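Below: model.cif (mmCIF, C-alpha atoms and all ligand atoms)
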```cif
data_data
loop_
_atom_site.label_atom_id
_atom_site.label_comp_id
_atom_site.auth_asym_id
_atom_site.auth_seq_id
_atom_site.Cartn_x
_atom_site.Cartn_y
_atom_site.Cartn_z
CA MET A 1 3.09 53.15 127.22
CA PRO A 2 2.63 51.71 130.73
CA LYS A 3 3.36 48.08 131.44
CA THR A 4 0.67 45.43 131.49
CA LEU A 5 -0.65 44.20 134.80
CA GLU A 6 0.80 40.76 134.18
CA ASP A 7 4.31 42.13 133.56
CA MET A 8 4.11 44.13 136.76
CA TYR A 9 2.95 41.12 138.73
CA TRP A 10 5.83 38.93 137.48
CA GLU A 11 8.42 41.59 138.11
CA LEU A 12 7.09 41.90 141.67
CA TYR A 13 7.06 38.12 142.00
CA GLU A 14 10.73 37.87 141.01
CA TRP A 15 11.69 40.76 143.27
CA TYR A 16 9.91 39.26 146.28
CA GLN A 17 11.49 35.87 145.66
CA LEU A 18 14.94 37.46 145.70
CA ASN A 19 14.55 40.12 148.34
CA VAL A 20 11.79 39.31 150.77
CA ILE A 21 11.67 36.53 153.33
CA GLY A 22 8.62 34.48 152.48
CA GLY A 23 8.94 35.30 148.76
CA ALA A 24 5.74 34.84 146.77
CA LYS A 25 3.73 34.31 149.95
CA ALA A 26 4.81 37.70 151.24
CA LEU A 27 3.81 39.24 147.92
CA GLU A 28 0.30 37.81 148.22
CA LYS A 29 0.11 38.96 151.81
CA ASP A 30 1.05 42.54 150.85
CA LEU A 31 -1.46 42.54 147.99
CA LYS A 32 -4.21 41.23 150.27
CA GLY A 33 -3.29 43.94 152.76
CA LEU A 34 -3.83 46.63 150.13
CA GLU A 35 -7.06 44.99 148.99
CA SER A 36 -8.34 45.04 152.55
CA LYS A 37 -7.87 48.81 152.44
CA GLY A 38 -10.44 48.93 149.63
CA LEU A 39 -8.20 48.69 146.55
CA THR A 40 -9.13 46.36 143.70
CA ARG A 41 -6.55 43.69 142.89
CA GLU A 42 -5.49 45.68 139.82
CA GLU A 43 -4.98 48.84 141.87
CA ALA A 44 -3.16 46.86 144.54
CA ILE A 45 -0.63 45.48 142.05
CA LYS A 46 -0.06 48.91 140.52
CA SER A 47 0.33 50.58 143.87
CA LEU A 48 2.73 47.92 145.17
CA TYR A 49 4.71 48.09 141.93
CA VAL A 50 5.19 51.83 142.22
CA SER A 51 6.18 51.58 145.88
CA VAL A 52 8.76 48.86 145.15
CA PHE A 53 10.27 50.11 141.88
CA GLY A 54 9.20 53.76 141.75
CA ARG A 55 7.01 55.51 139.24
CA GLU A 56 9.99 55.97 136.97
CA ARG A 57 10.12 52.29 136.05
CA PHE A 58 6.35 52.10 135.80
CA GLU A 59 6.35 54.77 133.13
CA VAL A 60 9.35 53.52 131.18
CA PRO A 61 8.04 52.17 127.91
CA ARG A 62 8.98 48.58 127.16
CA GLU A 63 10.32 49.52 123.77
CA ASP A 64 13.34 51.70 124.46
CA PRO A 65 13.35 54.55 121.87
CA LEU A 66 17.14 54.35 121.98
CA GLU A 67 16.96 51.08 120.00
CA ALA A 68 15.07 52.72 117.12
CA SER A 69 17.59 55.53 117.03
CA LEU A 70 20.52 53.09 116.93
CA GLN A 71 18.81 51.03 114.22
CA HIS A 72 18.61 54.19 112.13
CA LEU A 73 22.34 54.75 112.61
CA ARG A 74 23.13 51.15 111.62
CA ARG A 75 21.12 51.45 108.40
CA SER A 76 22.97 54.56 107.34
CA GLY A 77 26.06 52.48 106.60
CA ALA A 78 24.22 49.66 104.89
CA TRP A 79 24.26 51.16 101.36
CA GLY A 80 27.93 50.16 101.01
CA LEU A 81 27.13 46.50 101.56
CA LEU A 82 24.07 46.64 99.30
CA LEU A 83 26.03 48.27 96.49
CA THR A 84 28.82 45.72 96.85
CA ALA A 85 26.28 42.88 96.71
CA LEU A 86 24.65 44.37 93.63
CA LEU A 87 27.99 44.76 91.83
CA THR A 88 28.89 41.17 92.71
CA ILE A 89 25.67 39.89 91.16
CA LEU A 90 26.30 41.98 88.02
CA THR A 91 29.82 40.52 87.80
CA LEU A 92 28.44 36.98 87.98
CA ILE A 93 25.91 37.75 85.25
CA ALA A 94 28.68 39.27 83.10
CA PHE A 95 30.77 36.11 83.60
CA LEU A 96 27.92 33.91 82.48
CA ALA A 97 27.38 36.10 79.41
CA SER A 98 31.05 36.23 78.42
CA PRO A 99 34.16 35.26 80.45
CA SER A 100 36.28 38.11 79.02
CA LEU A 101 33.61 40.64 79.96
CA GLY A 102 33.53 38.95 83.38
CA VAL A 103 37.25 39.59 83.94
CA LEU A 104 36.69 43.25 83.17
CA PHE A 105 33.86 43.32 85.70
CA ILE A 106 36.05 41.68 88.37
CA ILE A 107 38.61 44.48 88.02
CA PHE A 108 35.82 47.01 88.21
CA LEU A 109 34.36 45.25 91.28
CA ALA A 110 37.70 45.23 93.11
CA LEU A 111 38.19 48.95 92.48
CA SER A 112 34.61 49.73 93.53
CA ILE A 113 34.88 47.88 96.84
CA GLY A 114 37.99 49.86 97.72
CA GLY A 115 36.30 53.07 96.60
CA ILE A 116 33.13 52.45 98.60
CA ALA A 117 35.13 51.68 101.75
CA GLY A 118 37.19 54.83 101.23
CA VAL A 119 34.08 56.98 100.91
CA GLN A 120 32.48 55.37 103.95
CA ARG A 121 35.55 55.86 106.08
CA ARG A 122 35.69 59.56 105.23
CA ARG A 123 31.97 60.29 105.50
CA THR A 124 30.51 60.77 108.95
CA VAL A 125 26.90 60.22 110.01
CA PRO A 126 25.54 62.76 112.46
CA TRP A 127 23.68 60.86 115.19
CA SER A 128 21.75 62.26 118.12
CA PHE A 129 19.30 61.01 120.71
CA SER A 130 17.36 62.84 123.44
CA GLU A 131 15.45 61.62 126.43
CA THR A 132 13.90 62.88 129.64
CA LEU A 133 14.69 61.09 132.88
CA LYS A 134 12.52 61.77 135.89
CA PHE A 135 13.34 61.10 139.53
CA ASP A 136 10.25 61.05 141.69
CA GLY A 137 10.28 63.21 144.79
CA MET A 138 13.96 64.10 144.26
CA GLY A 139 13.45 67.75 143.37
CA TRP A 140 15.21 68.80 146.56
CA VAL A 141 18.64 67.30 145.84
CA GLU A 142 21.44 69.71 145.05
CA VAL A 143 21.99 69.72 141.29
CA SER A 144 25.70 70.58 141.42
CA LYS A 145 26.30 67.60 143.71
CA VAL A 146 24.32 65.25 141.49
CA ALA A 147 26.21 66.50 138.42
CA GLU A 148 29.57 66.02 140.11
CA GLU A 149 28.66 62.53 141.33
CA THR A 150 27.29 61.58 137.88
CA VAL A 151 30.63 62.44 136.28
CA LYS A 152 32.44 60.41 138.92
CA GLN A 153 30.20 57.38 138.40
CA TYR A 154 30.37 57.71 134.62
CA SER A 155 34.14 57.86 134.49
CA GLU A 156 34.21 54.61 136.44
CA PHE A 157 32.16 52.99 133.68
CA LEU A 158 34.29 54.30 130.85
CA VAL A 159 38.04 54.18 130.76
CA GLU A 160 38.05 57.19 128.44
CA ASP A 161 39.26 60.55 129.57
CA LEU A 162 36.13 62.58 130.33
CA LYS A 163 35.91 66.32 129.92
CA HIS A 164 33.07 67.95 131.73
CA SER A 165 31.66 71.33 132.66
CA LEU A 166 28.66 72.56 134.59
CA GLU A 167 27.12 75.84 133.46
CA GLY A 168 24.08 76.82 135.45
CA SER A 169 22.09 73.62 135.55
CA THR A 170 23.50 72.12 132.36
CA LEU A 171 26.15 69.44 132.59
CA THR A 172 28.22 68.79 129.49
CA VAL A 173 30.33 65.66 129.21
CA GLU A 174 32.64 64.91 126.29
CA PHE A 175 34.99 62.09 125.46
CA PRO A 176 36.49 60.43 122.37
CA ALA A 177 34.23 57.54 121.35
CA SER A 178 36.08 54.47 120.15
CA THR A 179 35.67 50.79 119.52
CA LYS A 180 37.91 47.82 118.82
CA VAL A 181 37.69 45.98 115.50
CA LEU A 182 39.60 43.05 114.04
CA GLY A 183 42.41 44.40 111.88
CA ASP A 184 43.93 42.96 108.67
CA GLU A 185 46.41 40.86 110.62
CA LYS A 186 43.71 39.52 112.96
CA GLN A 187 44.78 41.84 115.77
CA LEU A 188 42.46 44.21 117.60
CA VAL A 189 42.65 47.77 116.36
CA THR A 190 41.11 50.76 118.11
CA VAL A 191 38.89 52.79 115.79
CA ASP A 192 38.11 56.44 116.50
CA LEU A 193 34.35 57.10 116.34
CA GLY A 194 34.44 60.85 116.91
CA LEU A 195 33.67 63.03 119.91
CA PHE A 196 30.76 61.78 122.01
CA ARG A 197 28.88 64.61 123.67
CA ILE A 198 26.28 64.45 126.44
CA LYS A 199 24.28 67.48 127.52
CA ALA A 200 22.18 67.00 130.63
CA THR A 201 19.93 69.82 131.78
CA PHE A 202 18.51 69.57 135.28
CA SER A 203 15.21 71.12 136.28
CA ARG A 204 12.48 70.73 138.87
CA SER A 205 8.90 69.84 138.19
CA SER A 206 6.88 70.14 141.40
CA ASP A 207 8.72 67.72 143.73
CA ASP A 208 10.54 65.81 141.04
CA LEU A 209 13.96 66.11 139.52
CA VAL A 210 13.77 66.18 135.73
CA VAL A 211 16.84 65.67 133.56
CA ASN A 212 16.75 66.32 129.83
CA VAL A 213 19.62 64.47 128.23
CA ALA A 214 20.88 64.91 124.67
CA TYR A 215 23.54 62.55 123.31
CA SER A 216 25.35 63.20 120.05
CA CYS A 217 28.25 61.98 117.95
CA ALA A 218 29.26 61.75 114.28
CA PRO A 219 30.96 58.40 113.63
CA PRO A 220 32.45 57.37 110.26
CA GLU A 221 29.77 55.75 108.10
CA TYR A 222 32.04 52.73 107.63
CA TYR A 223 31.78 51.92 111.36
CA ALA A 224 28.07 52.76 111.80
CA GLU A 225 27.33 49.22 113.01
CA GLN A 226 30.11 49.23 115.62
CA ALA A 227 29.23 52.79 116.63
CA ALA A 228 25.65 51.73 117.37
CA GLU A 229 26.93 49.06 119.77
CA ALA A 230 29.29 51.48 121.50
CA PHE A 231 26.65 54.22 121.79
CA ARG A 232 24.17 51.83 123.40
CA LYS A 233 26.74 51.16 126.10
CA TYR A 234 27.45 54.89 126.55
CA VAL A 235 23.77 55.84 126.91
CA LYS A 236 22.90 52.99 129.27
CA ALA A 237 25.93 53.71 131.42
CA PHE A 238 24.98 57.38 131.63
CA ARG A 239 21.43 56.54 132.72
CA LEU A 240 22.79 54.27 135.41
CA SER A 241 25.40 56.82 136.54
CA LEU A 242 22.74 59.48 136.89
CA LYS A 243 20.51 57.16 138.90
CA ARG A 244 23.34 56.14 141.19
CA ALA A 245 24.35 59.78 141.64
CA VAL A 246 20.84 60.83 142.67
CA ASP A 247 20.67 57.91 145.13
CA GLU A 248 24.09 58.70 146.51
CA VAL A 249 23.44 62.42 147.01
CA ALA A 250 20.04 61.79 148.56
CA GLU A 251 21.40 59.13 150.88
CA LYS A 252 24.15 61.43 152.11
CA ALA A 253 21.70 64.25 152.71
CA GLU A 254 19.48 61.88 154.69
CA VAL A 255 22.39 60.92 156.94
CA TYR A 256 23.30 64.58 157.46
CA ARG A 257 19.77 65.40 158.48
CA GLU A 258 19.77 62.52 160.92
CA VAL A 259 23.10 63.60 162.41
CA ALA A 260 21.76 67.13 162.85
CA SER A 261 18.61 65.94 164.58
CA LEU A 262 20.57 63.55 166.81
CA LEU A 263 22.87 66.41 167.86
CA LYS A 264 19.81 68.51 168.64
CA ALA A 265 18.23 65.74 170.69
CA ILE A 266 21.46 65.33 172.66
CA GLU A 267 21.71 69.11 173.11
CA SER A 268 18.24 69.18 174.59
CA LYS A 269 19.69 67.06 177.38
CA GLY A 270 22.17 69.85 178.11
CA ILE A 271 25.11 68.24 176.32
CA ILE A 272 26.86 69.71 173.32
CA ILE A 273 28.87 67.28 171.23
CA ARG A 274 31.52 68.55 168.85
CA GLU A 275 33.71 65.46 168.80
CA VAL A 276 33.25 61.73 168.79
CA LYS A 277 35.68 58.98 169.76
CA CYS A 278 37.55 57.35 166.91
CA PRO A 279 36.09 53.83 166.63
CA ARG A 280 39.61 52.44 166.15
CA CYS A 281 41.87 54.24 168.64
CA GLY A 282 39.52 56.25 170.84
CA ALA A 283 41.09 59.65 170.03
CA PRO A 284 38.69 62.59 169.69
CA VAL A 285 37.56 63.29 166.12
CA GLU A 286 35.74 66.47 165.23
CA ILE A 287 32.31 65.99 163.64
CA PRO A 288 32.66 67.21 160.03
CA ARG A 289 30.38 70.05 158.94
CA LYS A 290 30.90 69.27 155.28
CA GLY A 291 32.04 66.28 153.29
CA HIS A 292 31.11 62.68 153.66
CA VAL A 293 34.21 61.37 155.41
CA THR A 294 36.78 62.53 157.90
CA ARG A 295 40.03 61.01 159.06
CA CYS A 296 41.34 60.37 162.58
CA ARG A 297 44.39 62.58 163.09
CA TYR A 298 45.98 59.98 165.36
CA CYS A 299 45.53 56.63 163.70
CA GLY A 300 44.40 57.63 160.20
CA ALA A 301 41.14 55.65 160.35
CA THR A 302 38.45 56.77 157.93
CA ILE A 303 35.24 57.78 159.65
CA THR A 304 32.16 58.27 157.54
CA ILE A 305 29.13 60.37 158.36
CA SER A 306 27.20 57.09 158.78
CA ASP A 307 29.73 56.00 161.45
CA ILE A 308 29.17 59.28 163.27
CA ARG A 309 25.41 58.80 163.06
CA ASP A 310 25.76 55.34 164.60
CA ILE A 311 27.95 56.69 167.42
CA LEU A 312 25.47 59.49 168.14
CA ARG A 313 22.56 57.07 168.08
CA SER A 314 24.09 54.83 170.69
CA ALA A 315 25.16 57.87 172.73
CA LEU A 316 21.58 59.13 172.77
CA ASP A 317 20.33 55.67 173.74
CA SER A 318 22.71 55.53 176.71
CA PHE A 319 21.64 59.04 177.84
CA ARG A 320 18.04 57.97 177.70
CA SER A 321 18.59 54.77 179.64
CA SER A 322 20.69 56.45 182.36
ZN ZN A 401 41.88 56.91 165.54
#
```
Please rewrite the model in this file as structure tokens.
Amino acid sequence: MPKTLEDMYWELYEWYQLNVIGGAKALEKDLKGLESKGLTREEAIKSLYVSVFGRERFEVPREDPLEASLQHLRRSGAWGLLLTALLTILTLIAFLASPSLGVLFIIFLALSIGGIAGVQRRRTVPWSFSETLKFDGMGWVEVSKVAEETVKQYSEFLVEDLKHSLEGSTLTVEFPASTKVLGDEKQLVTVDLGLFRIKATFSRSSDDLVVNVAYSCAPPEYYAEQAAEAFRKYVKAFRLSLKRAVDEVAEKAEVYREVASLLKAIESKGIIIREVKCPRCGAPVEIPRKGHVTRCRYCGATITISDIRDILRSALDSFRSS
């Protein structure tokens, strides 16, 4: 379900206020610009929205299906509470009818509550959720790099020890899900929620990168409520990690391409550059063929591929002006 025009307009409005000099005035100016090209106001808002936030956000439904799935998980543990409530009401009725019968019911109630909790702690609820994430125009990025970067980003979000493997174009990530609950002595206790598994399969659809993600875990029924909270965090963090990874990989590739074309442009002037000067100490540093960063062998300074691009840019400028 696409967003309404009004939602899109207000999201743009907020974004312009925060990010563009001129704020709301600049937004109107950009919209008028599109309208002058023959777009209706509606088309102008949609087009600007997609160019600012990407089609991905445009197509994301407002109601996240993840919430419905988590709600389902939460309800699966609710029978324990309902049964306890029912037994409590029966006990009260028994008390009103006859106090001696009531005492009998209280004993029964106490045993039942313990029994229900025991059953719910032992029983697990299988939970799973799948979604498709699409990255517009990103079909060209190297899947193995995106997968590797996703794992890196994800492990920064979670303190847990991640296990991961990449087979073909399927990334599997596993870690022990857990949450903290208040224990009997009012201290925080870590509760094991089972093994959380993420399977992300990468594919290309025309120019786009498509990722089918399946999340699954089987938490104890007793902690269904807490599990739902934890799983929301896990899913949202994975989405964000994936997005950051795609951005990161694409950005690096862009810089590499620029470095390559700068070297070519300099070569066309009859100069071949294999080394640049270390920005810190001036020692020669070889331009890396692979990897994002290199280190000066003399002073240990870290030199990124973006630094090298900047050095080459200014070198080319000085060749042109001389
Ligand atoms: Zn140096």
Can you write out as a Markdown table which residues of chain A fall within 8 Å of ligand ZN 401 (chain A), alongside each residue's closest atom pair and its distance in Å to one decimal, counting only C-alpha atoms and all ligand atoms and ordering rows by chain and ascending residue number?
```
| residue | atom | partner | partner_atom | distance |
| --- | --- | --- | --- | --- |
| A:Lys277 | CA | A:ZN401 | ZN | 7.8 |
| A:Cys278 | CA | A:ZN401 | ZN | 4.6 |
| A:Pro279 | CA | A:ZN401 | ZN | 6.6 |
| A:Arg280 | CA | A:ZN401 | ZN | 5.1 |
| A:Cys281 | CA | A:ZN401 | ZN | 4.1 |
| A:Gly282 | CA | A:ZN401 | ZN | 5.8 |
| A:Ala283 | CA | A:ZN401 | ZN | 5.3 |
| A:Pro284 | CA | A:ZN401 | ZN | 7.7 |
| A:Val285 | CA | A:ZN401 | ZN | 7.7 |
| A:Arg295 | CA | A:ZN401 | ZN | 7.9 |
| A:Cys296 | CA | A:ZN401 | ZN | 4.6 |
| A:Arg297 | CA | A:ZN401 | ZN | 6.7 |
| A:Tyr298 | CA | A:ZN401 | ZN | 5.1 |
| A:Cys299 | CA | A:ZN401 | ZN | 4.1 |
| A:Gly300 | CA | A:ZN401 | ZN | 5.9 |
| A:Ala301 | CA | A:ZN401 | ZN | 5.4 |
```
Practice task
Please identify all polymer residues within 8 Å of range 246-251 of chain A, counting all atoms listed in the file, omitting same-chain residues fewer than 6 positions from it, and present them as an MDAnalysis selection string.
Solution key: chainID A and resid 138 141:142 145:146 149
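When CA of Pro288 in chain A is paired with CA of His164 in chain A, their separation reads 28.3 Å.
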Exercise for the section: Determine, counting all atoms listed in the file, which protein, DNA and RNA residues have an atom within 10 Å of an atom of Leu87 in chain A; residues of the same chain fewer than 4 positions away are not included. Present the result as a PyMOL selection string. Expected result: chain A and resi 81-83+91-93+105-106+108-110+112-113
Problem - Nearest to Ala245 in chain A by atom-to-atom distance, counting all atoms listed in the file, from A:Lys46, A:Lys134, A:Lys32, A:Lys152 - result: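 Of A:Lys46, A:Lys134, A:Lys32, A:Lys152, the one nearest Ala245 in chain A, counting all atoms listed in the file, is A:Lys152.
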Exercise for the section: Would you work out the distance separating CA of Lys25 in chain A from CA of Lys3 in chain A, expressed in Å to one decimal? Expected result: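 Computed distance, CA of Lys25 in chain A to CA of Lys3 in chain A, equals 23.1 Å.
Note that CA of Ala224 in chain A and CA of Pro126 in chain A are 10.3 Å apart.
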Need the neighbours of (23.7, 65.7, 137.0): which residues are at most 12 Å away, counting all atoms listed in the file, as a PDB file with C-alpha atoms, in the frame of the given file?
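Heads up, here's the output in part01.pdb:
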```pdb
ATOM      1  CA  LEU A 133      14.690  61.090 132.880  1.00  0.00           C
ATOM      2  CA  LYS A 134      12.520  61.770 135.890  1.00  0.00           C
ATOM      3  CA  PHE A 135      13.340  61.100 139.530  1.00  0.00           C
ATOM      4  CA  VAL A 141      18.640  67.300 145.840  1.00  0.00           C
ATOM      5  CA  GLU A 142      21.440  69.710 145.050  1.00  0.00           C
ATOM      6  CA  VAL A 143      21.990  69.720 141.290  1.00  0.00           C
ATOM      7  CA  SER A 144      25.700  70.580 141.420  1.00  0.00           C
ATOM      8  CA  LYS A 145      26.300  67.600 143.710  1.00  0.00           C
ATOM      9  CA  VAL A 146      24.320  65.250 141.490  1.00  0.00           C
ATOM     10  CA  ALA A 147      26.210  66.500 138.420  1.00  0.00           C
ATOM     11  CA  GLU A 148      29.570  66.020 140.110  1.00  0.00           C
ATOM     12  CA  GLU A 149      28.660  62.530 141.330  1.00  0.00           C
ATOM     13  CA  THR A 150      27.290  61.580 137.880  1.00  0.00           C
ATOM     14  CA  VAL A 151      30.630  62.440 136.280  1.00  0.00           C
ATOM     15  CA  LYS A 152      32.440  60.410 138.920  1.00  0.00           C
ATOM     16  CA  GLN A 153      30.200  57.380 138.400  1.00  0.00           C
ATOM     17  CA  TYR A 154      30.370  57.710 134.620  1.00  0.00           C
ATOM     18  CA  HIS A 164      33.070  67.950 131.730  1.00  0.00           C
ATOM     19  CA  SER A 165      31.660  71.330 132.660  1.00  0.00           C
ATOM     20  CA  LEU A 166      28.660  72.560 134.590  1.00  0.00           C
ATOM     21  CA  GLU A 167      27.120  75.840 133.460  1.00  0.00           C
ATOM     22  CA  GLY A 168      24.080  76.820 135.450  1.00  0.00           C
ATOM     23  CA  SER A 169      22.090  73.620 135.550  1.00  0.00           C
ATOM     24  CA  THR A 170      23.500  72.120 132.360  1.00  0.00           C
ATOM     25  CA  LEU A 171      26.150  69.440 132.590  1.00  0.00           C
ATOM     26  CA  THR A 172      28.220  68.790 129.490  1.00  0.00           C
ATOM     27  CA  VAL A 173      30.330  65.660 129.210  1.00  0.00           C
ATOM     28  CA  ILE A 198      26.280  64.450 126.440  1.00  0.00           C
ATOM     29  CA  LYS A 199      24.280  67.480 127.520  1.00  0.00           C
ATOM     30  CA  ALA A 200      22.180  67.000 130.630  1.00  0.00           C
ATOM     31  CA  THR A 201      19.930  69.820 131.780  1.00  0.00           C
ATOM     32  CA  PHE A 202      18.510  69.570 135.280  1.00  0.00           C
ATOM     33  CA  SER A 203      15.210  71.120 136.280  1.00  0.00           C
ATOM     34  CA  LEU A 209      13.960  66.110 139.520  1.00  0.00           C
ATOM     35  CA  VAL A 210      13.770  66.180 135.730  1.00  0.00           C
ATOM     36  CA  VAL A 211      16.840  65.670 133.560  1.00  0.00           C
ATOM     37  CA  ASN A 212      16.750  66.320 129.830  1.00  0.00           C
ATOM     38  CA  VAL A 213      19.620  64.470 128.230  1.00  0.00           C
ATOM     39  CA  PHE A 238      24.980  57.380 131.630  1.00  0.00           C
ATOM     40  CA  ARG A 239      21.430  56.540 132.720  1.00  0.00           C
ATOM     41  CA  LEU A 240      22.790  54.270 135.410  1.00  0.00           C
ATOM     42  CA  SER A 241      25.400  56.820 136.540  1.00  0.00           C
ATOM     43  CA  LEU A 242      22.740  59.480 136.890  1.00  0.00           C
ATOM     44  CA  LYS A 243      20.510  57.160 138.900  1.00  0.00           C
ATOM     45  CA  ARG A 244      23.340  56.140 141.190  1.00  0.00           C
ATOM     46  CA  ALA A 245      24.350  59.780 141.640  1.00  0.00           C
ATOM     47  CA  VAL A 246      20.840  60.830 142.670  1.00  0.00           C
ATOM     48  CA  ASP A 247      20.670  57.910 145.130  1.00  0.00           C
ATOM     49  CA  GLU A 248      24.090  58.700 146.510  1.00  0.00           C
ATOM     50  CA  VAL A 249      23.440  62.420 147.010  1.00  0.00           C
TER      51      VAL A 249
END
```
Exercise for the section: Would you kindly identify which residues have an atom no farther than 12 Å from (27.6, 53.9, 109.7), using all atoms listed in the file and the file's own coordinates, and write them out as a ChimeraX atom specification? Expected result: /A:70-81,117,119-127,193,217-229
Practice task
Might you pull out every residue within 10 Å of range 265-268 of chain A, with only C-alpha atoms counted and same-chain residues fewer than 6 positions away left off, and present them as JSON, numbers by chain?
Solution key: {"A": [259, 312, 313, 315, 316, 317, 319, 320]}
Handout entry: Contact residues around Glu6 in chain A with all atoms listed in the file at 12 Å, ignoring same-chain residues under 3 positions, as a list of chain:residue names
Key =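 Near neighbours after the sequence-gap exclusion: A:Pro2, A:Lys3, A:Tyr9, A:Trp10, A:Glu11, A:Leu12, A:Tyr13, A:Arg41, A:Glu42, A:Ile45, A:Lys46, A:Tyr49.
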Exercise for the section: Pick out the closest residue to Glu286 in chain A from this set: A:Val255, A:Glu185, A:Ser128, A:Ile273. Count all atoms listed in the file. Expected result: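 Of A:Val255, A:Glu185, A:Ser128, A:Ile273, the one nearest Glu286 in chain A, counting all atoms listed in the file, is A:Ile273.
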Complete the atom set of range 66-81 of chain A to N, CA and C atoms and return it as a PDB file, keeping the file's coordinate frame.
```
ATOM      1  N   LEU A  66      15.713  54.363 122.335  1.00  0.00           N
ATOM      2  CA  LEU A  66      17.140  54.350 121.980  1.00  0.00           C
ATOM      3  C   LEU A  66      17.409  53.314 120.881  1.00  0.00           C
ATOM      4  N   GLU A  67      16.721  52.156 120.970  1.00  0.00           N
ATOM      5  CA  GLU A  67      16.960  51.080 120.000  1.00  0.00           C
ATOM      6  C   GLU A  67      16.598  51.517 118.579  1.00  0.00           C
ATOM      7  N   ALA A  68      15.481  52.245 118.444  1.00  0.00           N
ATOM      8  CA  ALA A  68      15.070  52.720 117.120  1.00  0.00           C
ATOM      9  C   ALA A  68      16.098  53.693 116.561  1.00  0.00           C
ATOM     10  N   SER A  69      16.615  54.533 117.448  1.00  0.00           N
ATOM     11  CA  SER A  69      17.590  55.530 117.030  1.00  0.00           C
ATOM     12  C   SER A  69      18.903  54.859 116.577  1.00  0.00           C
ATOM     13  N   LEU A  70      19.286  53.803 117.284  1.00  0.00           N
ATOM     14  CA  LEU A  70      20.520  53.090 116.930  1.00  0.00           C
ATOM     15  C   LEU A  70      20.335  52.297 115.628  1.00  0.00           C
ATOM     16  N   GLN A  71      19.132  51.770 115.441  1.00  0.00           N
ATOM     17  CA  GLN A  71      18.810  51.030 114.220  1.00  0.00           C
ATOM     18  C   GLN A  71      18.952  51.942 113.007  1.00  0.00           C
ATOM     19  N   HIS A  72      18.511  53.183 113.178  1.00  0.00           N
ATOM     20  CA  HIS A  72      18.610  54.190 112.130  1.00  0.00           C
ATOM     21  C   HIS A  72      20.078  54.442 111.771  1.00  0.00           C
ATOM     22  N   LEU A  73      20.895  54.528 112.812  1.00  0.00           N
ATOM     23  CA  LEU A  73      22.340  54.750 112.610  1.00  0.00           C
ATOM     24  C   LEU A  73      22.958  53.572 111.853  1.00  0.00           C
ATOM     25  N   ARG A  74      22.593  52.359 112.257  1.00  0.00           N
ATOM     26  CA  ARG A  74      23.130  51.150 111.620  1.00  0.00           C
ATOM     27  C   ARG A  74      22.814  51.134 110.127  1.00  0.00           C
ATOM     28  N   ARG A  75      21.553  51.502 109.798  1.00  0.00           N
ATOM     29  CA  ARG A  75      21.120  51.450 108.400  1.00  0.00           C
ATOM     30  C   ARG A  75      21.873  52.437 107.527  1.00  0.00           C
ATOM     31  N   SER A  76      22.332  53.519 108.141  1.00  0.00           N
ATOM     32  CA  SER A  76      22.970  54.560 107.340  1.00  0.00           C
ATOM     33  C   SER A  76      24.250  54.052 106.673  1.00  0.00           C
ATOM     34  N   GLY A  77      24.835  52.992 107.213  1.00  0.00           N
ATOM     35  CA  GLY A  77      26.060  52.480 106.600  1.00  0.00           C
ATOM     36  C   GLY A  77      25.794  51.315 105.670  1.00  0.00           C
ATOM     37  N   ALA A  78      24.544  50.901 105.595  1.00  0.00           N
ATOM     38  CA  ALA A  78      24.220  49.660 104.890  1.00  0.00           C
ATOM     39  C   ALA A  78      24.313  49.781 103.372  1.00  0.00           C
ATOM     40  N   TRP A  79      24.249  51.015 102.825  1.00  0.00           N
ATOM     41  CA  TRP A  79      24.260  51.160 101.360  1.00  0.00           C
ATOM     42  C   TRP A  79      25.550  50.591 100.759  1.00  0.00           C
ATOM     43  N   GLY A  80      26.646  50.671 101.499  1.00  0.00           N
ATOM     44  CA  GLY A  80      27.930  50.160 101.010  1.00  0.00           C
ATOM     45  C   GLY A  80      27.850  48.668 100.736  1.00  0.00           C
ATOM     46  N   LEU A  81      27.269  47.952 101.698  1.00  0.00           N
ATOM     47  CA  LEU A  81      27.130  46.500 101.560  1.00  0.00           C
ATOM     48  C   LEU A  81      26.176  46.154 100.427  1.00  0.00           C
TER      49      LEU A  81
END
```
